[in-house]
Each structure stands twice: as structure tokens, then as C-alpha cells.
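File shown: run.cif (mmCIF, C-alpha atoms and all ligand atoms).
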```cif
data_run
loop_
_atom_site.label_atom_id
_atom_site.label_comp_id
_atom_site.auth_asym_id
_atom_site.auth_seq_id
_atom_site.Cartn_x
_atom_site.Cartn_y
_atom_site.Cartn_z
CA MET A 1 130.03 115.07 56.78
CA LYS A 2 130.11 115.20 60.56
CA LEU A 3 127.87 118.24 60.47
CA VAL A 4 125.34 116.48 58.27
CA ALA A 5 125.33 113.44 60.56
CA ALA A 6 124.90 115.64 63.63
CA SER A 7 122.02 117.47 61.97
CA ILE A 8 120.32 114.23 61.07
CA ILE A 9 120.66 112.99 64.63
CA LEU A 10 119.32 116.29 65.94
CA ILE A 11 116.35 116.22 63.57
CA PHE A 12 115.63 112.63 64.48
CA TYR A 13 115.93 113.41 68.19
CA SER A 14 113.56 116.38 67.91
CA PHE A 15 111.13 114.30 65.94
CA THR A 16 111.21 111.62 68.62
CA LEU A 17 110.66 114.23 71.31
CA LEU A 18 107.75 115.71 69.44
CA SER A 19 105.91 112.59 68.52
CA PHE A 20 106.59 109.98 71.08
CA ASN A 21 106.62 109.29 74.80
CA ASN A 22 107.77 106.43 76.96
CA PHE A 23 104.90 106.64 79.43
CA LYS A 24 103.78 103.15 78.58
CA SER A 25 106.80 101.74 80.43
CA LEU A 26 105.92 103.50 83.71
CA TYR A 27 105.13 101.26 86.65
CA GLN A 28 101.66 102.76 87.22
CA VAL A 29 100.65 102.15 83.61
CA LYS A 30 101.86 98.56 83.60
CA GLN A 31 100.23 97.85 86.95
CA LEU A 32 96.82 99.02 85.70
CA GLU A 33 97.14 97.07 82.46
CA GLN A 34 98.05 93.88 84.23
CA LYS A 35 95.57 94.12 87.07
CA TYR A 36 92.56 95.09 84.95
CA LYS A 37 93.53 93.35 81.68
CA ILE A 38 93.00 96.54 79.71
CA ASN A 39 95.07 98.37 77.11
CA ILE A 40 96.40 101.76 78.12
CA ALA A 41 97.40 103.94 75.20
CA THR A 42 99.75 106.84 75.83
CA ASN A 43 100.94 107.26 72.25
CA SER A 44 98.98 107.84 69.10
CA TYR A 45 95.67 106.07 69.15
CA SER A 46 93.55 106.09 66.05
CA GLY A 47 90.21 105.77 67.84
CA GLY A 48 86.90 104.25 66.82
CA ASP A 49 84.38 105.83 64.44
CA TYR A 50 82.52 107.68 67.20
CA ALA A 51 85.71 109.29 68.52
CA LYS A 52 86.93 110.16 65.03
CA ARG A 53 83.63 111.79 64.23
CA TRP A 54 83.13 113.86 67.37
CA ALA A 55 86.50 114.39 69.00
CA SER A 56 90.02 115.61 68.41
CA TRP A 57 93.10 115.34 70.57
CA ASN A 58 96.89 115.40 70.56
CA THR A 59 99.35 112.83 71.77
CA PRO A 60 101.44 113.72 74.83
CA THR A 61 105.18 113.90 74.27
CA GLU A 62 108.21 113.39 76.52
CA SER A 63 108.06 117.09 77.33
CA ASP A 64 104.76 116.39 79.12
CA SER A 65 106.35 113.84 81.44
CA VAL A 66 106.11 115.95 84.63
CA GLU A 67 102.42 116.54 83.96
CA PHE A 68 101.85 112.92 83.06
CA LEU A 69 103.56 111.60 86.21
CA LYS A 70 101.36 113.77 88.39
CA PHE A 71 98.29 112.72 86.47
CA ILE A 72 98.95 108.99 86.41
CA SER A 73 99.65 108.87 90.15
CA ILE A 74 96.20 110.35 90.85
CA PHE A 75 94.52 108.32 88.14
CA SER A 76 95.98 105.07 89.42
CA GLU A 77 94.91 105.84 92.99
CA GLU A 78 91.34 106.35 91.82
CA TRP A 79 91.23 103.44 89.40
CA ASN A 80 92.70 101.01 91.91
CA LYS A 81 89.62 101.56 94.05
CA TYR A 82 87.77 99.37 91.58
CA PRO A 83 87.64 95.60 92.02
CA THR A 84 88.84 93.91 88.81
CA GLU A 85 85.40 92.39 88.40
CA TRP A 86 83.83 95.85 88.01
CA ILE A 87 85.94 96.57 84.92
CA LYS A 88 85.24 93.11 83.56
CA VAL A 89 81.44 93.29 83.84
CA ASN A 90 81.51 96.70 82.23
CA ASN A 91 83.65 95.43 79.38
CA LEU A 92 86.13 98.32 79.30
CA LYS A 93 89.01 97.59 76.91
CA ASN A 94 91.06 100.76 76.45
CA ILE A 95 92.06 103.88 78.34
CA VAL A 96 93.72 106.55 76.24
CA PHE A 97 95.70 109.43 77.74
CA VAL A 98 95.73 112.48 75.52
CA LYS A 99 95.97 116.26 75.62
CA ASP A 100 94.00 119.10 73.98
CA LEU A 101 90.90 116.90 73.99
CA LYS A 102 87.93 118.48 72.29
CA VAL A 103 84.48 117.03 71.81
CA THR A 104 82.67 118.93 69.06
CA HIS A 105 83.86 122.48 69.84
CA GLN A 106 84.17 122.03 73.59
CA GLN A 107 87.33 121.40 75.57
CA ARG A 108 86.80 118.35 77.74
CA PHE A 109 88.57 116.47 80.46
CA ALA A 110 87.34 113.15 79.20
CA MET A 111 85.30 111.37 76.60
CA PRO A 112 83.72 107.95 76.86
CA ASP A 113 83.55 106.04 73.58
CA PRO A 114 81.50 103.05 74.67
CA TYR A 115 81.18 101.77 71.09
CA ASP A 116 84.95 101.17 71.07
CA GLU A 117 84.95 100.27 74.82
CA THR A 118 87.34 103.17 75.33
CA LEU A 119 87.77 106.07 77.74
CA TYR A 120 89.84 109.15 76.82
CA PHE A 121 91.34 111.42 79.47
CA ASP A 122 93.14 114.73 79.02
CA ILE A 123 96.25 114.67 81.23
CA GLU A 124 96.39 118.47 81.47
CA TYR A 125 93.27 118.92 83.58
CA LEU A 126 95.03 118.98 86.93
CA ILE A 127 95.10 122.75 86.49
CA TYR A 128 91.43 122.55 87.51
CA GLY A 129 92.40 120.85 90.75
CA GLU A 130 92.88 117.35 92.04
CA LYS A 131 89.36 117.14 93.45
CA TYR A 132 87.82 117.74 90.03
CA VAL A 133 90.05 115.16 88.35
CA ARG A 134 89.48 112.47 91.01
CA GLU A 135 85.71 112.81 90.83
CA MET A 136 85.48 113.10 87.04
CA ILE A 137 87.50 109.92 86.43
CA HIS A 138 84.57 108.00 87.92
CA HIS A 139 81.91 110.26 86.44
CA GLU A 140 83.10 109.62 82.88
CA PHE A 141 83.34 105.89 83.41
CA TRP A 142 79.69 105.94 84.47
CA HIS A 143 78.62 107.09 80.98
CA ALA A 144 80.34 104.04 79.48
CA ILE A 145 78.78 101.80 82.15
CA GLU A 146 75.33 103.14 81.32
CA GLU A 147 75.79 102.30 77.63
CA GLN A 148 77.18 98.87 78.46
CA GLN A 149 74.44 97.92 80.91
CA PHE A 150 71.41 99.67 79.42
CA GLY A 151 72.41 100.00 75.76
CA ASP A 152 72.30 103.81 75.75
CA MET A 153 74.47 106.62 77.13
CA TYR A 154 71.27 108.65 77.39
CA PHE A 155 69.23 105.92 79.01
CA LYS A 156 65.84 106.94 80.35
CA ASN A 157 64.79 105.21 83.52
CA SER A 158 61.27 105.81 84.77
CA THR A 159 62.02 104.46 88.25
CA TRP A 160 64.90 106.91 88.64
CA CYS A 161 62.80 109.82 87.36
CA SER A 162 59.92 108.94 89.68
CA TYR A 163 62.18 109.86 92.62
CA ASN A 164 62.23 113.52 91.56
CA VAL A 165 59.48 115.88 92.64
CA GLU A 166 56.45 115.83 90.42
CA GLY A 167 56.77 118.02 87.40
CA PHE A 168 60.57 118.20 87.55
CA LYS A 169 62.32 118.26 84.17
CA TYR A 170 66.02 117.79 83.51
CA GLY A 171 67.94 120.25 81.33
CA SER A 172 69.09 119.42 77.84
CA GLY A 173 72.21 117.42 78.76
CA GLY A 174 75.69 117.94 80.18
CA SER A 175 77.06 119.75 77.15
CA ALA A 176 74.41 122.46 77.64
CA ALA A 177 76.13 123.39 80.93
CA TYR A 178 79.35 124.17 79.02
CA ASP A 179 77.51 126.58 76.76
CA ASP A 180 75.34 128.05 79.49
CA GLY A 181 76.73 131.38 80.62
CA GLU A 182 74.60 131.10 83.77
CA TYR A 183 76.04 127.75 84.86
CA SER A 184 78.00 127.69 88.09
CA TYR A 185 79.04 124.70 90.11
CA GLY A 186 77.28 124.17 93.41
CA GLU A 187 76.85 121.22 95.75
CA HIS A 188 73.47 119.92 96.94
CA PRO A 189 71.75 122.92 95.33
CA ARG A 190 68.34 121.41 96.00
CA GLN A 191 66.76 118.23 97.37
CA GLY A 192 67.70 115.17 95.33
CA PHE A 193 70.81 116.45 93.57
CA VAL A 194 74.46 116.26 94.64
CA THR A 195 75.56 119.08 92.32
CA SER A 196 74.11 121.74 90.06
CA TYR A 197 75.50 119.77 87.10
CA SER A 198 73.20 116.84 88.03
CA ILE A 199 70.20 118.93 87.00
CA TYR A 200 71.35 119.23 83.37
CA GLY A 201 70.46 115.66 82.41
CA GLU A 202 69.22 112.37 83.79
CA GLU A 203 72.46 110.66 82.75
CA GLU A 204 74.52 113.43 84.39
CA ASP A 205 72.49 113.05 87.59
CA ARG A 206 73.47 109.37 87.77
CA ALA A 207 77.09 110.06 86.73
CA GLU A 208 77.42 112.67 89.48
CA LEU A 209 75.88 110.47 92.14
CA TYR A 210 78.03 107.53 91.03
CA CYS A 211 81.29 109.49 91.27
CA TRP A 212 80.32 110.78 94.71
CA LEU A 213 80.53 107.22 96.04
CA PHE A 214 84.26 106.97 95.41
CA THR A 215 85.97 109.79 97.27
CA SER A 216 85.90 110.25 101.05
CA ARG A 217 84.86 113.90 101.06
CA THR A 218 81.89 113.35 98.75
CA TRP A 219 80.91 110.07 100.40
CA SER A 220 80.71 111.66 103.81
CA LEU A 221 78.64 114.59 102.48
CA LEU A 222 76.34 112.29 100.53
CA THR A 223 75.74 109.91 103.42
CA SER A 224 74.97 112.84 105.71
CA TRP A 225 72.54 114.47 103.22
CA ILE A 226 70.54 111.27 102.65
CA ILE A 227 69.49 111.21 106.29
CA GLU A 228 67.02 114.00 105.57
CA ASP A 229 66.94 114.22 101.77
CA THR A 230 64.61 111.37 100.86
CA ILE A 231 64.89 111.94 97.08
CA LEU A 232 68.65 111.65 97.23
CA ARG A 233 68.34 108.62 99.50
CA LYS A 234 66.24 106.82 96.88
CA LYS A 235 68.79 107.59 94.16
CA TYR A 236 71.64 106.47 96.41
CA ASN A 237 69.80 103.20 97.14
CA TRP A 238 69.11 102.67 93.43
CA MET A 239 72.79 103.15 92.63
CA LEU A 240 74.07 100.89 95.40
CA THR A 241 71.60 98.17 94.48
CA PHE A 242 72.55 98.44 90.81
CA ILE A 243 76.30 98.20 91.48
CA ASN A 244 75.92 95.45 94.05
CA GLY A 245 73.70 93.47 91.66
CA LEU A 246 76.53 93.37 89.13
CA VAL A 247 79.43 92.84 91.52
CA PRO A 248 78.42 91.46 94.93
CA GLU A 249 81.69 92.46 96.60
CA MET A 250 80.80 96.12 95.97
CA ASP A 251 78.40 96.35 98.86
CA LEU A 252 77.88 99.01 101.52
CA GLU A 253 80.81 97.64 103.50
CA TYR A 254 83.09 98.01 100.46
CA PHE A 255 82.14 101.70 100.08
CA GLU A 256 82.45 102.37 103.80
CA GLU A 257 85.91 100.86 103.89
CA LEU A 258 86.97 102.64 100.70
CA ASN A 259 86.03 105.99 102.20
CA SER A 260 87.07 105.42 105.80
ZN ZN A 301 78.86 113.51 82.25
#
```
Written as C-alpha cells, how would this file's structure read?
Amino acid sequence: MKLVAASIILIFYSFTLLSFNNFKSLYQVKQLEQKYKINIATNSYSGGDYAKRWASWNTPTESDSVEFLKFISIFSEEWNKYPTEWIKVNNLKNIVFVKDLKVTHQQRFAMPDPYDETLYFDIEYLIYGEKYVREMIHHEFWHAIEEQQFGDMYFKNSTWCSYNVEGFKYGSGGSAAYDDGEYSYGEHPRQGFVTSYSIYGEEEDRAELYCWLFTSRTWSLLTSWIIEDTILRKKYNWMLTFINGLVPEMDLEYFEELNS
């Protein structure tokens, strides 16, 4: 009888380990939820129609706790750069932490689902470096912002495009870079673009420029390039004006202090 009871406990314990985590009770998670009035999902999250159709993921378990702790400490540093008003005007409701995230056939760090006001992040991406993760947290949020503010994640803006040299054409979107054997990451590869990824799509150009405003290294590079790069300067001014128009406290002084 004792053996049966022990086995049942063991099975139950393994099941718990495999299918559940206690990350929700961590200080960093609670702090973000309270400050920004958003839901943070660390356990199974069913997802909206868009996510169900295009993406797949797994739920982290207790055995991922070391990885999760590292991830959430970086994530919370980046997210806490945002004034609460910025999250409110962009109507974000949920952040979901997952692993093995795939969008169509591609492995991805993150996926915005603006139709469900949700952002998904894969907690295992620190293997690609802290710099990548810090920048991409903001980059992915931009896609949701674009849908919220302009009604389309692939918004076309003629003013923005007019800044590029005449005749310039963007590539066929960010996902093309993942499938492009020729793609390699480079910074300020030509006038007007912060990275080589920016060239793949108009929305990626804005997402890249947006995320470059939020970390000190990229801010200092960007603000030095715009002295001579007039195309980039126009895009930078567009972005700052756009953000400041929604949340007045996010002015030049705010960005300078953030990155000082
Ligand atoms: Zn993107």
C-alpha cells in the first residue's frame, strides 16, 4: 500500500514539475503586473485566434527556473524604462512567457498578437546574448504599437518612405530575412538604416529605429549617426514626434536621461 501511495505521489510530483511553474509569484512578475496593470502569463495560455493559427509554443516548467530568473531580470529592467502611460495608450493587456516559440515554421524570440493585445516572448533566447534580447523586447512591442495606433502591423506611411532615397524599395518583410541565406546582421549598413534588418520591410525599419532609442549603446550610436545621416535624422525625428505626441513625458529629455 505504501509503495502504491509513494508511486502516486511521485507521479503527481513529476506531473507538477512537467506542467507547471511558480514564476507568477516572483517579485519581478508581480511588480510589472501591478505597475503596468497588465496580465503576465507564465503558465499555459490558450492564446487568441491569430496566435493559435500561426504560432506554437510550450509552457516553461520549474526546471526552467534558472533560465527564467535570468530572463525576467533583464526583461523587467527593459520594461521598467517605459512610463505606465505608454503601455496604457498602446492598450497592451497580456505578456506571455513561453519556450520553443515558433511562428509558421520559424523559431522566433517573440510574437506580437495585437488582435489579442498580447506579446509572447521565448525565455530561452538569452543564448543569443543579452544585447539581442534587450533590443528585441522593444522591437517586438513596436509591431503591436503600430497595429494599435495605425490599425495595421504592416502600415504604409508615405511620409516615412519619402525620407528614403528616390527609387529605394524595401524587401519583402522581416520573415524573409530568416529564410534568406545571404542575410547577415550589420549596423548602419547604409544611410538611413540602423541595421541591415531595417531594409527588409518598412515596419521592420521603424521597429529597429524604435528599439534603438531604449538602450544606451544604440542611443549613443544613433544620435552620433544622425549628425551627418540626414535620412536617419528625419526618421529619428518622426519617431520622437510620434512617441511624444502620444505621451508628452516621453520627450528628448526622457530619452537622454534613460540612456545617460
Ligand atoms: Zn520585427
Long-range neighbours of segment 31-43 of chain A as a PDB file with C-alpha atoms, keeping the file's coordinate frame, 6 Å cut-off, only C-alpha atoms, 6 positions minimum in chain:
```pdb
ATOM      1  CA  THR A  59      99.350 112.830  71.770  1.00  0.00           C
ATOM      2  CA  THR A  84      88.840  93.910  88.810  1.00  0.00           C
ATOM      3  CA  LYS A  93      89.010  97.590  76.910  1.00  0.00           C
ATOM      4  CA  ASN A  94      91.060 100.760  76.450  1.00  0.00           C
ATOM      5  CA  ILE A  95      92.060 103.880  78.340  1.00  0.00           C
ATOM      6  CA  VAL A  96      93.720 106.550  76.240  1.00  0.00           C
ATOM      7  CA  PHE A  97      95.700 109.430  77.740  1.00  0.00           C
TER       8      PHE A  97
END
```
Find, counting only C-alpha atoms and all ligand atoms, the residue in A:Lys99, A:Lys52, A:His105, A:Arg206 that gets nearest to ligand ZN 301 (chain A).
->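 Nearest candidate to ligand ZN 301 (chain A) out of A:Lys99, A:Lys52, A:His105, A:Arg206: A:Arg206.
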Kindly indicate which residue among A:Phe68, A:Trp79, A:Trp142, A:Phe214 lies nearest to ligand ZN 301 (chain A), using all atoms listed in the file for the distances.
->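 Nearest candidate to ligand ZN 301 (chain A) out of A:Phe68, A:Trp79, A:Trp142, A:Phe214: A:Trp142.
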Nearest to ligand ZN 301 (chain A) among A:Lys235, A:Arg217, A:Lys131, A:Arg108, with distances taken over all atoms listed in the file: which residue is it?
->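 The answer is A:Arg108, which sits nearest to ligand ZN 301 (chain A).
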Spatial neighbours of Ala110 of chain A, 12 Å, all atoms listed in the file, chain gap at least 2 places, as a ChimeraX atom specification = /A:51,55-57,95-103,106-108,112-113,118-125,132-133,135-144
Dump the neighbourhood of ligand ZN 301 (chain A) as a list in words: all residues within 6 Å, distances computed on all atoms listed in the file.
->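 Residues lying within 6 Å of ligand ZN 301 (chain A): Glu140, Gly174, Glu204 and Ala207 of chain A.
For the point (75.7, 97.5, 92.3) in file coordinates, the residues within 12 Å, using all atoms listed in the file, are A:Glu85, A:Trp86, A:Val89, A:Asn90, A:Ile145, A:Gln149, A:Tyr210, A:Leu213, A:Tyr236, A:Asn237, A:Trp238, A:Met239, A:Leu240, A:Thr241, A:Phe242, A:Ile243, A:Asn244, A:Gly245, A:Leu246, A:Val247, A:Pro248, A:Glu249, A:Met250, A:Asp251, A:Leu252, A:Tyr254, A:Phe255.
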Just how far from atom CA of Glu130 of chain A is atom CA of Arg190 of chain A, in Å to one decimal?
->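 It comes out at 25.2 Å.
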Between atom CA of Tyr185 of chain A and atom CA of Glu208 of chain A, what is the spacing in Å?
->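 Separating atom CA of Glu208 of chain A from atom CA of Tyr185 of chain A is a distance of 12.2 Å.
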Among listed residues A:Phe168, A:Phe23, A:Phe109, A:Tyr200, nearest Val66 of chain A (using all atoms listed in the file) =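 The answer is A:Phe23, which sits nearest to Val66 of chain A.
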Select, from A:Thr218, A:Lys81, A:Lys24, A:Thr159, the residue with the minimum atom-to-atom distance to Glu257 of chain A, counting only C-alpha atoms.
-> A:Lys81
Would you mind reading off the distance between atom CA of Glu203 of chain A and atom CA of Gly151 of chain A, one decimal, in Å?
->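 Atom-to-atom, atom CA of Glu203 of chain A to atom CA of Gly151 of chain A, that is 12.7 Å.
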Select, from A:Leu258, A:Leu126, A:Cys211, A:Ile231, the residue with the minimum atom-to-atom distance to Ile74 of chain A, counting all atoms listed in the file.
->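 Of all the options, A:Leu126 lies closest to Ile74 of chain A.
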Excluding Pro189 of chain A and residues on its chain fewer than 5 positions from it, collect all residues at most 12 Å away from it, counting all atoms listed in the file, and give them as an MDAnalysis selection string.
-> chainID A and resid 184 194:199 225 229 232
Could you pull the residues within 6 Å of Gly201 of chain A, counting all atoms listed in the file, minus those fewer than 3 positions along the same chain, as a VMD selection string?
-> chain A and resid 170 to 171 173 204
What are the centre and edge lengths in Å, to one decimal, of the axis-aligned box around all listed atoms of segment 160-179 of chain A with 5 Å added on each side, as JSON?
```
{"center_x": 67.9, "center_y": 116.7, "center_z": 84.7, "size_x": 32.9, "size_y": 29.7, "size_z": 25.9}
```
